[in-house]
>>> print(open('query06.txt').read())   # compact mmCIF, C-alpha atoms
# COMPACT_ATOMS: atom_id res chain seq x y z
CA MET A 1 91.69 27.88 -95.12
CA THR A 2 92.10 31.29 -93.60
CA ARG A 3 95.87 31.42 -93.83
CA TYR A 4 95.81 31.44 -97.61
CA ASN A 5 94.21 33.97 -99.91
CA LEU A 6 93.76 34.48 -103.63
CA GLU A 7 97.35 35.68 -104.01
CA ASP A 8 98.55 32.25 -103.01
CA ASN A 9 96.74 30.73 -106.00
CA ALA A 10 99.24 32.33 -108.40
CA LYS A 11 102.19 31.19 -106.30
CA LEU A 12 100.97 27.60 -106.12
CA PHE A 13 100.23 27.47 -109.87
CA GLU A 14 103.71 28.77 -110.56
CA ALA A 15 105.24 26.29 -108.12
CA PHE A 16 103.55 23.32 -109.80
CA LYS A 17 104.32 24.51 -113.31
CA THR A 18 107.99 25.22 -112.61
CA ASN A 19 108.35 22.03 -110.55
CA ASN A 20 109.41 24.08 -107.50
CA ASN A 21 109.43 21.24 -104.95
CA ARG A 22 110.21 23.40 -101.93
CA LEU A 23 107.27 25.71 -102.51
CA VAL A 24 104.90 22.85 -103.35
CA GLU A 25 106.00 21.11 -100.14
CA ALA A 26 105.38 24.29 -98.13
CA TYR A 27 101.83 24.55 -99.48
CA TYR A 28 101.24 20.81 -99.06
CA LEU A 29 102.15 20.94 -95.37
CA GLY A 30 100.59 24.36 -94.80
CA LEU A 31 97.15 23.41 -96.12
CA LYS A 32 97.06 19.96 -94.53
CA THR A 33 96.09 20.56 -90.89
CA GLU A 34 93.11 22.79 -91.53
CA PHE A 35 91.88 20.58 -94.38
CA ILE A 36 91.87 17.48 -92.17
CA LYS A 37 90.32 19.35 -89.25
CA ASN A 38 87.46 20.68 -91.38
CA LEU A 39 86.88 17.38 -93.17
CA ASN A 40 86.76 15.61 -89.83
CA LEU A 41 84.10 18.04 -88.61
CA ARG A 42 81.97 17.24 -91.63
CA TYR A 43 82.59 13.48 -91.91
CA ASN A 44 83.40 12.25 -88.44
CA CYS A 45 82.60 8.68 -89.56
CA ILE A 46 85.83 8.58 -91.59
CA PRO A 47 88.91 7.37 -89.65
CA ALA A 48 91.72 9.88 -89.09
CA ASP A 49 94.28 8.00 -91.19
CA LEU A 50 91.87 7.85 -94.08
CA LEU A 51 91.39 11.63 -93.86
CA LYS A 52 95.14 11.97 -94.47
CA ASP A 53 94.82 9.73 -97.53
CA ILE A 54 91.94 11.86 -98.80
CA TYR A 55 94.06 14.98 -98.38
CA GLN A 56 96.88 13.37 -100.37
CA ASP A 57 94.46 12.27 -103.10
CA ALA A 58 93.00 15.78 -103.32
CA PHE A 59 96.41 17.46 -103.43
CA VAL A 60 97.68 15.06 -106.11
CA GLU A 61 94.51 15.62 -108.16
CA LEU A 62 94.90 19.40 -107.83
CA GLY A 63 98.54 19.21 -108.97
CA GLU A 64 97.63 17.05 -111.95
CA LYS A 65 94.88 19.47 -113.00
CA ILE A 66 97.25 22.43 -112.81
CA ILE A 67 100.10 20.71 -114.66
CA SER A 68 97.87 19.38 -117.42
CA GLY A 69 96.17 22.74 -117.88
CA LYS A 70 92.71 21.34 -117.02
CA LEU A 71 92.55 23.96 -114.26
CA LYS A 72 93.61 27.50 -115.05
CA GLU A 73 94.36 30.17 -112.51
CA SER A 74 91.57 32.33 -113.95
CA ASP A 75 89.07 29.50 -113.29
CA LEU A 76 89.80 29.69 -109.60
CA THR A 77 87.65 32.32 -107.94
CA VAL A 78 88.26 31.10 -104.40
CA PRO A 79 91.50 30.60 -102.40
CA VAL A 80 93.25 27.35 -103.23
CA GLY A 81 92.57 25.97 -99.75
CA ALA A 82 88.82 26.25 -100.29
CA TYR A 83 89.09 24.64 -103.70
CA LEU A 84 91.16 21.80 -102.30
CA PHE A 85 88.61 21.31 -99.55
CA GLY A 86 85.89 21.05 -102.21
CA MET A 87 87.88 18.30 -103.92
CA GLY A 88 88.36 16.58 -100.57
CA LYS A 89 84.62 16.60 -99.95
CA LYS A 90 84.04 14.96 -103.31
CA ILE A 91 86.51 12.20 -102.51
CA ALA A 92 85.11 11.81 -98.99
CA HIS A 93 81.66 11.61 -100.48
CA LYS A 94 82.76 8.54 -102.45
CA TYR A 95 83.51 6.74 -99.20
CA VAL A 96 80.35 7.96 -97.55
CA LYS A 97 78.16 7.17 -100.53
CA LEU A 98 79.69 3.74 -100.94
CA GLU A 99 78.89 2.82 -97.41
CA GLU A 100 75.48 4.50 -97.49
CA ILE A 101 76.21 6.45 -94.35
CA SER A 102 73.65 9.21 -94.18
CA SER A 103 74.94 12.63 -95.03
CA ASP A 104 73.12 15.93 -95.01
CA ASP A 105 75.87 17.62 -96.94
CA ASP A 106 73.69 19.63 -99.28
CA THR A 107 76.48 22.00 -100.11
CA LEU A 108 78.41 19.23 -101.81
CA ASN A 109 76.84 19.93 -105.17
CA ASP A 110 77.47 23.64 -104.85
CA ILE A 111 81.21 23.46 -104.44
CA CYS A 112 83.46 25.02 -106.98
CA VAL A 113 84.98 21.75 -108.22
CA ALA A 114 84.00 20.90 -111.77
CA SER A 115 81.85 17.81 -112.05
CA ASN A 116 83.43 14.62 -113.29
CA SER A 117 80.20 13.26 -114.70
CA ASP A 118 81.20 13.82 -118.33
CA ALA A 119 84.51 11.99 -117.88
CA TYR A 120 85.20 9.20 -120.37
CA PHE A 121 86.36 6.79 -117.69
CA SER A 122 84.64 5.93 -114.44
CA ASP A 123 86.47 6.36 -111.12
CA ASN A 124 86.99 2.62 -111.02
CA ASP A 125 88.58 2.58 -114.51
CA ARG A 126 90.83 5.46 -113.51
CA GLU A 127 91.99 3.61 -110.42
CA LEU A 128 92.76 0.53 -112.50
CA ILE A 129 94.76 2.60 -114.99
CA GLN A 130 96.60 4.18 -112.05
CA GLU A 131 97.51 0.73 -110.76
CA TYR A 132 99.05 -0.22 -114.11
CA VAL A 133 100.98 3.04 -114.33
CA ALA A 134 102.38 2.49 -110.82
CA LYS A 135 103.82 -0.83 -111.98
CA VAL A 136 105.76 0.52 -114.99
CA ALA A 137 109.40 -0.55 -114.72
CA GLU A 138 112.63 1.21 -115.72
CA PRO A 139 113.63 2.68 -118.10
CA CYS A 140 110.06 3.39 -119.25
CA SER A 141 109.14 4.85 -115.86
CA THR A 142 111.85 7.52 -116.11
CA VAL A 143 111.36 8.23 -119.82
CA LEU A 144 107.61 8.75 -119.37
CA ARG A 145 108.15 10.89 -116.27
CA LEU A 146 110.71 13.10 -118.02
CA PHE A 147 108.50 13.60 -121.07
CA TYR A 148 105.03 13.93 -119.55
CA PHE A 149 105.79 15.45 -116.15
CA GLU A 150 109.04 17.35 -116.44
CA ASP A 151 108.51 18.53 -120.03
CA TYR A 152 111.92 17.36 -121.21
CA THR A 153 112.62 17.63 -124.93
CA MET A 154 113.72 14.54 -126.84
CA PHE A 155 117.23 15.98 -126.87
CA GLY A 156 117.11 16.33 -123.07
CA ILE A 157 115.83 12.78 -122.61
CA ALA A 158 118.51 11.38 -124.93
CA LYS A 159 121.19 13.20 -122.93
CA ARG A 160 119.81 12.19 -119.54
CA MET A 161 119.29 8.54 -120.50
CA ASN A 162 122.51 8.21 -122.53
CA TYR A 163 120.67 7.43 -125.76
CA LYS A 164 122.49 7.88 -129.05
CA SER A 165 120.08 10.39 -130.52
CA GLU A 166 116.78 12.22 -130.17
CA ASP A 167 115.20 9.67 -132.51
CA VAL A 168 116.15 6.83 -130.17
CA ALA A 169 114.56 8.74 -127.27
CA LYS A 170 111.40 9.41 -129.27
CA THR A 171 111.08 5.75 -130.33
CA ARG A 172 111.64 4.63 -126.74
CA LYS A 173 108.98 7.02 -125.41
CA ASN A 174 106.44 5.93 -128.04
CA LYS A 175 107.19 2.25 -127.44
CA CYS A 176 106.76 2.66 -123.68
CA MET A 177 103.44 4.48 -124.05
CA THR A 178 102.13 2.07 -126.71
CA LYS A 179 103.10 -0.98 -124.64
CA LEU A 180 101.53 0.49 -121.51
CA LYS A 181 98.25 1.16 -123.34
CA GLU A 182 98.25 -2.39 -124.71
CA ILE A 183 98.77 -3.86 -121.25
CA ILE A 184 95.97 -1.71 -119.83
CA LYS A 185 93.62 -2.68 -122.65
CA LYS A 186 94.36 -6.37 -122.13
CA GLY A 187 93.87 -6.09 -118.39
CA CYS A 188 90.89 -3.77 -118.22
CA TYR A 189 89.14 -3.91 -121.55
CA GLY A 190 86.26 -6.12 -120.46
CA GLN A 191 85.73 -4.04 -117.39
CA PHE A 192 85.75 -0.74 -119.33
CA ASP A 193 83.10 -2.15 -121.64
CA ALA A 194 80.96 -3.37 -118.79
CA ASP A 195 81.17 0.00 -117.04
CA ARG A 196 80.36 1.92 -120.21
CA ASN A 197 77.25 -0.17 -120.85
CA HIS A 198 75.95 0.91 -117.48
CA ARG A 199 76.31 4.61 -118.29
CA MET B 1 99.29 4.25 -139.36
CA ASP B 2 101.23 1.89 -137.09
CA ASN B 3 100.80 1.94 -133.31
CA LEU B 4 103.96 3.95 -132.57
CA MET B 5 103.01 6.60 -135.11
CA LEU B 6 99.51 6.74 -133.67
CA THR B 7 100.87 7.26 -130.14
CA GLU B 8 103.09 10.08 -131.42
CA THR B 9 100.21 11.70 -133.31
CA ILE B 10 97.92 11.55 -130.27
CA ASP B 11 100.68 13.06 -128.13
CA ARG B 12 100.97 15.98 -130.53
CA TYR B 13 97.20 16.39 -130.59
CA LEU B 14 96.89 16.35 -126.79
CA ALA B 15 99.82 18.72 -126.33
CA GLY B 16 98.25 21.21 -128.81
CA GLN B 17 101.21 20.93 -131.18
CA MET B 18 99.22 20.40 -134.40
CA SER B 19 98.52 23.10 -136.95
CA ASP B 20 94.89 24.27 -137.12
CA LYS B 21 94.31 22.34 -140.33
CA GLU B 22 95.89 19.15 -138.99
CA ARG B 23 93.99 19.40 -135.69
CA GLN B 24 90.67 19.91 -137.43
CA ALA B 25 91.28 16.89 -139.68
CA PHE B 26 92.27 14.75 -136.70
CA GLN B 27 89.23 15.86 -134.71
CA GLU B 28 86.96 14.85 -137.59
CA LYS B 29 88.59 11.43 -137.62
CA ILE B 30 87.99 11.07 -133.88
CA GLU B 31 84.33 11.93 -134.29
CA GLU B 32 83.92 9.33 -137.04
CA ASP B 33 85.99 6.55 -135.50
CA ALA B 34 84.97 5.28 -132.03
CA ASP B 35 88.15 3.16 -131.73
CA LEU B 36 90.33 6.19 -132.37
CA ARG B 37 88.41 8.20 -129.77
CA SER B 38 88.86 5.38 -127.29
CA GLU B 39 92.63 5.38 -128.01
CA VAL B 40 92.87 9.16 -127.55
CA GLU B 41 90.93 9.10 -124.28
CA LEU B 42 93.02 6.20 -122.95
CA GLN B 43 96.26 8.02 -123.76
CA ARG B 44 94.91 11.20 -122.14
CA GLU B 45 94.05 9.27 -118.98
CA VAL B 46 97.39 7.42 -118.94
CA ILE B 47 99.25 10.75 -119.15
CA SER B 48 97.17 12.07 -116.23
CA ALA B 49 97.90 8.87 -114.31
CA ILE B 50 101.66 9.28 -114.93
CA ARG B 51 101.49 12.82 -113.56
CA ARG B 52 99.48 11.70 -110.54
CA GLN B 53 102.01 8.92 -109.89
CA VAL B 54 104.94 11.36 -109.90
CA LEU B 55 103.01 13.76 -107.65
CA ARG B 56 102.10 10.94 -105.27
CA ASN B 57 105.78 10.00 -104.95
CA LYS B 58 106.59 13.65 -104.25
CA VAL B 59 103.86 13.91 -101.61
CA ASN B 60 105.22 10.77 -99.92
CA THR B 61 108.66 12.37 -99.87
CA PHE B 62 107.15 15.50 -98.26
CA GLU B 63 105.63 13.32 -95.54
CA GLN B 64 108.95 11.55 -94.94
CA ASN B 65 110.75 14.91 -94.72
CA ARG B 66 108.19 16.14 -92.22
CA LYS B 67 108.63 13.02 -90.09
CA LYS B 68 112.41 13.40 -90.15
CA ARG B 69 112.14 17.03 -89.06
CA THR B 70 109.67 16.12 -86.33
CA VAL B 71 111.93 13.35 -85.03
CA ALA B 72 114.92 15.72 -84.94
CA LYS B 73 112.87 18.31 -83.06
CA TRP B 74 111.60 15.76 -80.56
CA ALA B 75 115.05 14.36 -80.03
CA ALA B 76 116.36 17.78 -79.10
CA TYR B 77 113.57 19.04 -76.86
CA VAL B 78 111.56 16.09 -75.63
CA VAL B 79 113.29 12.72 -75.81
CA MET B 80 116.13 13.49 -73.44
CA PRO B 81 113.95 14.76 -70.56
CA LEU B 82 111.54 11.91 -71.24
CA ALA B 83 114.33 9.35 -71.08
CA VAL B 84 115.14 10.49 -67.57
CA ALA B 85 111.48 10.36 -66.58
CA ALA B 86 111.13 6.90 -68.15
CA CYS B 87 113.97 5.52 -66.03
CA MET B 88 112.16 6.74 -62.94
CA ALA B 89 108.83 5.35 -64.08
CA ALA B 90 110.22 1.91 -64.93
CA CYS B 91 109.91 0.71 -61.37
CA ILE B 92 106.16 1.43 -61.50
CA VAL B 93 105.54 -0.03 -64.96
CA LEU B 94 107.48 -3.31 -64.69
CA PRO B 95 104.98 -5.09 -62.39
CA GLN B 96 102.29 -4.52 -65.02
CA VAL B 97 104.21 -6.26 -67.80
CA ASP B 98 103.17 -9.77 -66.68
CA ARG B 99 99.51 -8.76 -66.78
CA VAL B 100 99.91 -7.39 -70.34
CA LYS B 101 101.51 -10.67 -71.42
CA GLN B 102 98.57 -12.59 -69.92
CA ILE B 103 96.05 -10.48 -71.88
CA GLY B 104 98.10 -11.01 -75.04
CA ALA B 105 97.98 -14.79 -74.51
CA ASP B 106 94.19 -14.70 -74.06
CA VAL B 107 93.76 -12.78 -77.31
CA SER B 108 96.04 -15.19 -79.17
CA LEU B 109 94.03 -18.15 -77.93
CA TYR B 110 90.82 -16.55 -79.11
CA ALA B 111 92.36 -15.63 -82.45
CA ALA B 112 93.52 -19.22 -82.98
CA ALA B 113 90.05 -20.54 -82.23
CA ALA B 114 88.38 -18.01 -84.52
CA ASP B 115 90.56 -19.03 -87.44
CA ASP B 116 88.20 -21.87 -88.09
CA VAL B 117 85.03 -20.03 -89.07
CA THR B 118 82.77 -23.03 -88.68
CA MET B 119 83.98 -23.87 -85.20
CA ALA B 120 83.88 -20.32 -83.96
CA TYR B 121 80.37 -19.59 -85.11
CA ALA B 122 78.94 -22.92 -84.10
CA SER B 123 79.46 -21.69 -80.56
CA LEU B 124 77.37 -18.54 -81.06
CA LYS B 125 74.37 -19.69 -79.08
CA GLY B 126 71.23 -17.71 -79.86
CA GLN B 127 73.02 -15.84 -82.62
CA SER B 128 72.56 -18.47 -85.30
CA GLN B 129 71.41 -15.88 -87.85
CA VAL B 130 74.76 -14.13 -87.80
CA SER B 131 76.71 -17.36 -87.98
CA ASP B 132 74.52 -18.55 -90.88
CA ILE B 133 75.19 -15.30 -92.72
CA ILE B 134 78.94 -15.62 -92.30
CA LEU B 135 78.98 -19.24 -93.37
CA SER B 136 76.79 -18.50 -96.38
CA ALA B 137 78.98 -15.53 -97.40
CA ASN B 138 82.03 -17.73 -96.95
CA GLN B 139 80.48 -20.30 -99.28
CA LEU B 140 79.67 -17.63 -101.91
CA MET B 141 83.24 -16.32 -101.73
CA LYS B 142 84.55 -19.83 -102.32
CA GLN B 143 82.37 -19.92 -105.44
CA GLN B 144 83.87 -16.53 -106.41
CA GLN B 145 80.47 -14.85 -106.23
CA TYR B 146 81.89 -11.79 -104.52
CA ALA B 147 79.05 -9.34 -105.29
CA LYS B 148 76.47 -11.72 -103.82
CA ALA B 149 78.66 -12.45 -100.81
CA ASP B 150 78.96 -8.71 -100.23
CA GLU B 151 75.17 -8.28 -100.30
CA VAL B 152 74.80 -11.04 -97.72
CA LEU B 153 77.46 -9.48 -95.51
CA VAL B 154 75.83 -6.03 -95.68
CA LYS B 155 72.64 -7.60 -94.29
CA GLY B 156 74.66 -9.31 -91.58
CA LEU B 157 76.35 -6.07 -90.61
CA GLU B 158 72.98 -4.35 -90.32
CA GLN B 159 72.09 -6.86 -87.61
CA VAL B 160 75.20 -6.12 -85.59
CA ALA B 161 75.35 -2.37 -86.30
CA THR B 162 74.93 -1.37 -82.67
CA ILE B 163 77.19 -4.05 -81.19
CA THR B 164 80.00 -2.79 -78.95
CA LYS B 165 83.22 -4.37 -77.73
CA GLU B 166 81.49 -5.64 -74.58
CA ASN B 167 79.66 -8.31 -76.61
CA VAL B 168 82.88 -10.09 -77.52
CA GLN B 169 81.49 -12.82 -79.77
CA LEU B 170 79.40 -10.53 -81.93
CA TRP B 171 82.19 -7.94 -81.97
CA TYR B 172 84.48 -10.51 -83.58
CA ALA B 173 81.68 -11.61 -85.91
CA LYS B 174 81.26 -7.96 -86.96
CA GLU B 175 84.97 -7.65 -87.61
CA ASP B 176 84.95 -10.88 -89.61
CA MET B 177 82.13 -9.63 -91.78
CA LEU B 178 83.87 -6.31 -92.44
CA TYR B 179 87.08 -8.13 -93.31
CA MET B 180 85.22 -10.47 -95.65
CA ARG B 181 83.57 -7.46 -97.32
CA ALA B 182 87.02 -5.92 -97.80
CA LEU B 183 88.24 -9.14 -99.45
CA CYS B 184 85.18 -9.12 -101.72
CA ALA B 185 85.89 -5.49 -102.64
CA ILE B 186 89.51 -6.32 -103.45
CA LYS B 187 88.44 -9.22 -105.64
CA GLN B 188 86.10 -6.84 -107.47
CA HIS B 189 88.85 -4.19 -107.87
CA LYS B 190 86.86 -1.71 -105.79
CA VAL B 191 89.89 0.15 -104.49
CA TYR B 192 88.16 2.94 -102.59
CA ARG B 193 85.69 0.58 -100.96
CA SER B 194 88.35 -1.95 -99.96
CA ARG B 195 90.50 0.80 -98.44
CA TYR B 196 87.56 2.13 -96.47
CA LEU B 197 86.58 -1.32 -95.19
CA LEU B 198 90.15 -2.25 -94.30
CA TRP B 199 90.44 0.95 -92.29
CA GLN B 200 87.29 0.03 -90.43
CA VAL B 201 88.75 -3.40 -89.65
CA ILE B 202 91.95 -1.77 -88.38
CA GLN B 203 89.95 0.63 -86.23
CA MET B 204 88.19 -2.33 -84.59
CA ASN B 205 91.62 -3.46 -83.42
CA ALA B 206 90.77 -7.18 -83.30
CA ILE B 207 91.79 -10.42 -85.00
CA HIS B 208 92.24 -9.27 -88.58
CA LYS B 209 94.02 -5.99 -87.78
CA ASP B 210 97.49 -7.14 -88.91
CA ALA B 211 96.21 -8.78 -92.06
CA ALA B 212 94.16 -5.68 -92.89
CA GLU B 213 97.18 -3.41 -92.38
CA GLN B 214 99.24 -5.64 -94.66
CA LEU B 215 96.56 -5.59 -97.37
CA LEU B 216 96.12 -1.84 -97.10
CA LYS B 217 99.85 -1.36 -97.50
CA GLN B 218 99.83 -3.55 -100.61
CA ILE B 219 96.89 -1.60 -102.07
CA LYS B 220 98.61 1.72 -101.43
CA GLU B 221 101.77 0.45 -103.10
CA GLY B 222 99.64 -0.60 -106.07
CA LYS B 223 100.36 -4.33 -105.76
>>> encode(input="query06.txt", output="structure tokens")
Amino acid sequence: MTRYNLEDNAKLFEAFKTNNNRLVEAYYLGLKTEFIKNLNLRYNCIPADLLKDIYQDAFVELGEKIISGKLKESDLTVPVGAYLFGMGKKIAHKYVKLEEISSDDDTLNDICVASNSDAYFSDNDRELIQEYVAKVAEPCSTVLRLFYFEDYTMFGIAKRMNYKSEDVAKTRKNKCMTKLKEIIKKGCYGQFDADRNHR
Amino acid sequence: MDNLMLTETIDRYLAGQMSDKERQAFQEKIEEDADLRSEVELQREVISAIRRQVLRNKVNTFEQNRKKRTVAKWAAYVVMPLAVAACMAACIVLPQVDRVKQIGADVSLYAAAADDVTMAYASLKGQSQVSDIILSANQLMKQQQYAKADEVLVKGLEQVATITKENVQLWYAKEDMLYMRALCAIKQHKVYRSRYLLWQVIQMNAIHKDAAEQLLKQIKEGK
């Protein structure tokens, strides 16, 4: 975490928001080694390959928070590497907790990562939703990506996808999202209910 | 309001594109209507999931780029000198190949025998508790009672917690139980748990390693 300081926070935020792949890649690779080394020191019961997966999960989660505006640069009072490590510990803790491996990681609750306890969906629900999203086929996959990730306007989507007009693009986007929600509800509804009753 | 209109309205609400008046009215509706709140929260989560999916694809591309760069670097500085050294070493290594093949054959024979759970564990003399646990978990899994099977397997694993590779039979029994737990987790859609258990199976490097790797790959690809 020592290589990066608070100034890097602004650069990484900018890189995510402007979809600057080269800079995001540089930070992804730059933060990786130390993250895995430190996580391994803390949770040596977790296999090395799984540590890499945890790093990827944490980085993806960080990117999503920045892009969606859930995490603002002003919220971050520590270097991004430290924040990312905090997220990694939370994810690692899921594995550790699940397997009831003893952990004396008292600092886990003190880390800077906001708690997820008030989230509407449980981790399990979120994973199920993620699975459905991963299976979305073309052209919905591209339309949803352009609109929700790359901030394309309807005009831009119509042009990129060779649709006749902005209205066609808008209808397509709404149909894709509505259909996806219906599929998720059909597939997961019972499970969501069951989980919610437990909370 | 039809479903398409509702999706569009929620999009505008989540993106902060409503006027103050419109947003306030919509928020009141959400507070009064649990179904509407559920719809808004689902759409919010789906949008997050779409972003995570795109980011995950990007991260995978970063990893591939890194591997390509590493391979190019190795090819230039390491592979060539190593190739020369390998040619020289071949005359030492070749006599050992037959022995490796023999070990491989032994492992295959054991793996074939262990395929039949009943037969394999009937031979566990003095370890009947472990074999009973596996057979009972197997039975519960057949009845699709995965949570119960998992509980049984956890107890079984406690009994073999300290077993090392030297105790071959119990080592394989331990691996079997971990693999069965992973299958139970998959059946219960416990993604994190199944990934963790499959990694443990792979680390044990025994009978179910290939199957576990295959399953893990499928889980990662979201199949």
>>> closest_atom_pairs(input="query06.txt", of="chain B", to="chain A", cutoff="7 Å", atoms="only C-alpha atoms", output="tab-separated table")
residue	atom	partner	partner_atom	distance
B:Asn3	CA	A:Thr178	CA	6.7
B:Leu4	CA	A:Asn174	CA	5.5
B:Thr7	CA	A:Asn174	CA	6.1
B:Glu8	CA	A:Asn174	CA	6.3
B:Glu41	CA	A:Tyr120	CA	6.9
B:Val46	CA	A:Ile129	CA	6.8
B:Ile47	CA	A:Tyr148	CA	6.6
B:Ser48	CA	A:Glu64	CA	6.6
B:Ala49	CA	A:Gln130	CA	5.4
B:Ile50	CA	A:Val133	CA	6.3
B:Arg51	CA	A:Phe149	CA	5.7
B:Arg52	CA	A:Glu64	CA	5.8
B:Gln53	CA	A:Ala134	CA	6.5
B:Leu55	CA	A:Val60	CA	5.7
B:Arg56	CA	A:Val60	CA	6.1
B:Phe62	CA	A:Glu25	CA	6.0
B:Lys190	CA	A:Asn124	CA	6.8
B:Tyr192	CA	A:Tyr95	CA	6.9
B:Arg193	CA	A:Tyr95	CA	6.8
B:Tyr196	CA	A:Tyr95	CA	6.7
B:Gly222	CA	A:Glu131	CA	5.3
>>> axis_aligned_box(input="query06.txt", around="region 10-29 of chain A", padding_each_side="5 Å", output="JSON")
{"center_x": 104.7, "center_y": 26.6, "center_z": -104.3, "size_x": 21.0, "size_y": 21.5, "size_z": 27.9}
>>> closest_residue(input="query06.txt", among="A:Asn9, A:Leu41, A:Thr18, A:Lys32", to="Ser74 (chain A)", atoms="all atoms listed in the file")
A:Asn9
>>> closest_residue(input="query06.txt", among="B:Ala147, B:Leu178, B:Ile207, B:Met141", to="Ala161 (chain B)", atoms="only C-alpha atoms")
B:Leu178
>>> atom_distance(input="query06.txt", atom1="CA of Gln144 (chain B)", atom2="CA of Leu183 (chain B)")
11.1 Å
>>> atom_distance(input="query06.txt", atom1="CA of Arg37 (chain B)", atom2="CA of Val54 (chain B)")
26.0 Å
>>> atom_distance(input="query06.txt", atom1="CA of Ser136 (chain B)", atom2="CA of Glu158 (chain B)")
15.9 Å
>>> residues_around(input="query06.txt", residues="Ile186 (chain B)", least_positions_apart="6", cutoff="10 Å", atoms="all atoms listed in the file", output="count of residues only")
8
>>> residues_near_point(input="query06.txt", point="(89.7, -6.7, -86.7)", cutoff="12 Å", atoms="all atoms listed in the file", output="ChimeraX atom specification")
/B:107,111,114,165,168,170-180,182,197-213
>>> build_atoms(input="query06.txt", residues="region 148-163 of chain B", atoms="N, CA and C atoms", output="PDB file, in the coordinates of the input")
ATOM      1  N   LYS B 148      77.546 -11.134-104.616  1.00  0.00           N
ATOM      2  CA  LYS B 148      76.470 -11.720-103.820  1.00  0.00           C
ATOM      3  C   LYS B 148      76.895 -11.858-102.360  1.00  0.00           C
ATOM      4  N   ALA B 149      78.138 -12.297-102.175  1.00  0.00           N
ATOM      5  CA  ALA B 149      78.660 -12.450-100.810  1.00  0.00           C
ATOM      6  C   ALA B 149      78.606 -11.103-100.084  1.00  0.00           C
ATOM      7  N   ASP B 150      78.960 -10.046-100.818  1.00  0.00           N
ATOM      8  CA  ASP B 150      78.960  -8.710-100.230  1.00  0.00           C
ATOM      9  C   ASP B 150      77.541  -8.304 -99.793  1.00  0.00           C
ATOM     10  N   GLU B 151      76.562  -8.606-100.644  1.00  0.00           N
ATOM     11  CA  GLU B 151      75.170  -8.280-100.300  1.00  0.00           C
ATOM     12  C   GLU B 151      74.754  -8.981 -99.005  1.00  0.00           C
ATOM     13  N   VAL B 152      75.137 -10.258 -98.913  1.00  0.00           N
ATOM     14  CA  VAL B 152      74.800 -11.040 -97.720  1.00  0.00           C
ATOM     15  C   VAL B 152      75.457 -10.422 -96.484  1.00  0.00           C
ATOM     16  N   LEU B 153      76.717 -10.031 -96.649  1.00  0.00           N
ATOM     17  CA  LEU B 153      77.460  -9.480 -95.510  1.00  0.00           C
ATOM     18  C   LEU B 153      76.890  -8.122 -95.066  1.00  0.00           C
ATOM     19  N   VAL B 154      76.435  -7.331 -96.033  1.00  0.00           N
ATOM     20  CA  VAL B 154      75.830  -6.030 -95.680  1.00  0.00           C
ATOM     21  C   VAL B 154      74.624  -6.265 -94.772  1.00  0.00           C
ATOM     22  N   LYS B 155      73.813  -7.279 -95.120  1.00  0.00           N
ATOM     23  CA  LYS B 155      72.640  -7.600 -94.290  1.00  0.00           C
ATOM     24  C   LYS B 155      73.085  -8.030 -92.883  1.00  0.00           C
ATOM     25  N   GLY B 156      74.138  -8.848 -92.872  1.00  0.00           N
ATOM     26  CA  GLY B 156      74.660  -9.310 -91.580  1.00  0.00           C
ATOM     27  C   GLY B 156      75.128  -8.162 -90.723  1.00  0.00           C
ATOM     28  N   LEU B 157      75.813  -7.213 -91.362  1.00  0.00           N
ATOM     29  CA  LEU B 157      76.350  -6.070 -90.610  1.00  0.00           C
ATOM     30  C   LEU B 157      75.236  -5.175 -90.082  1.00  0.00           C
ATOM     31  N   GLU B 158      74.130  -5.127 -90.820  1.00  0.00           N
ATOM     32  CA  GLU B 158      72.980  -4.350 -90.320  1.00  0.00           C
ATOM     33  C   GLU B 158      72.514  -4.898 -88.977  1.00  0.00           C
ATOM     34  N   GLN B 159      72.570  -6.229 -88.845  1.00  0.00           N
ATOM     35  CA  GLN B 159      72.090  -6.860 -87.610  1.00  0.00           C
ATOM     36  C   GLN B 159      72.987  -6.585 -86.408  1.00  0.00           C
ATOM     37  N   VAL B 160      74.272  -6.334 -86.716  1.00  0.00           N
ATOM     38  CA  VAL B 160      75.200  -6.120 -85.590  1.00  0.00           C
ATOM     39  C   VAL B 160      75.678  -4.662 -85.538  1.00  0.00           C
ATOM     40  N   ALA B 161      74.919  -3.782 -86.183  1.00  0.00           N
ATOM     41  CA  ALA B 161      75.350  -2.370 -86.300  1.00  0.00           C
ATOM     42  C   ALA B 161      75.612  -1.714 -84.952  1.00  0.00           C
ATOM     43  N   THR B 162      74.806  -2.069 -83.957  1.00  0.00           N
ATOM     44  CA  THR B 162      74.930  -1.370 -82.670  1.00  0.00           C
ATOM     45  C   THR B 162      75.795  -2.130 -81.656  1.00  0.00           C
ATOM     46  N   ILE B 163      76.398  -3.222 -82.111  1.00  0.00           N
ATOM     47  CA  ILE B 163      77.190  -4.050 -81.190  1.00  0.00           C
ATOM     48  C   ILE B 163      78.461  -3.319 -80.745  1.00  0.00           C
TER      49      ILE B 163
END
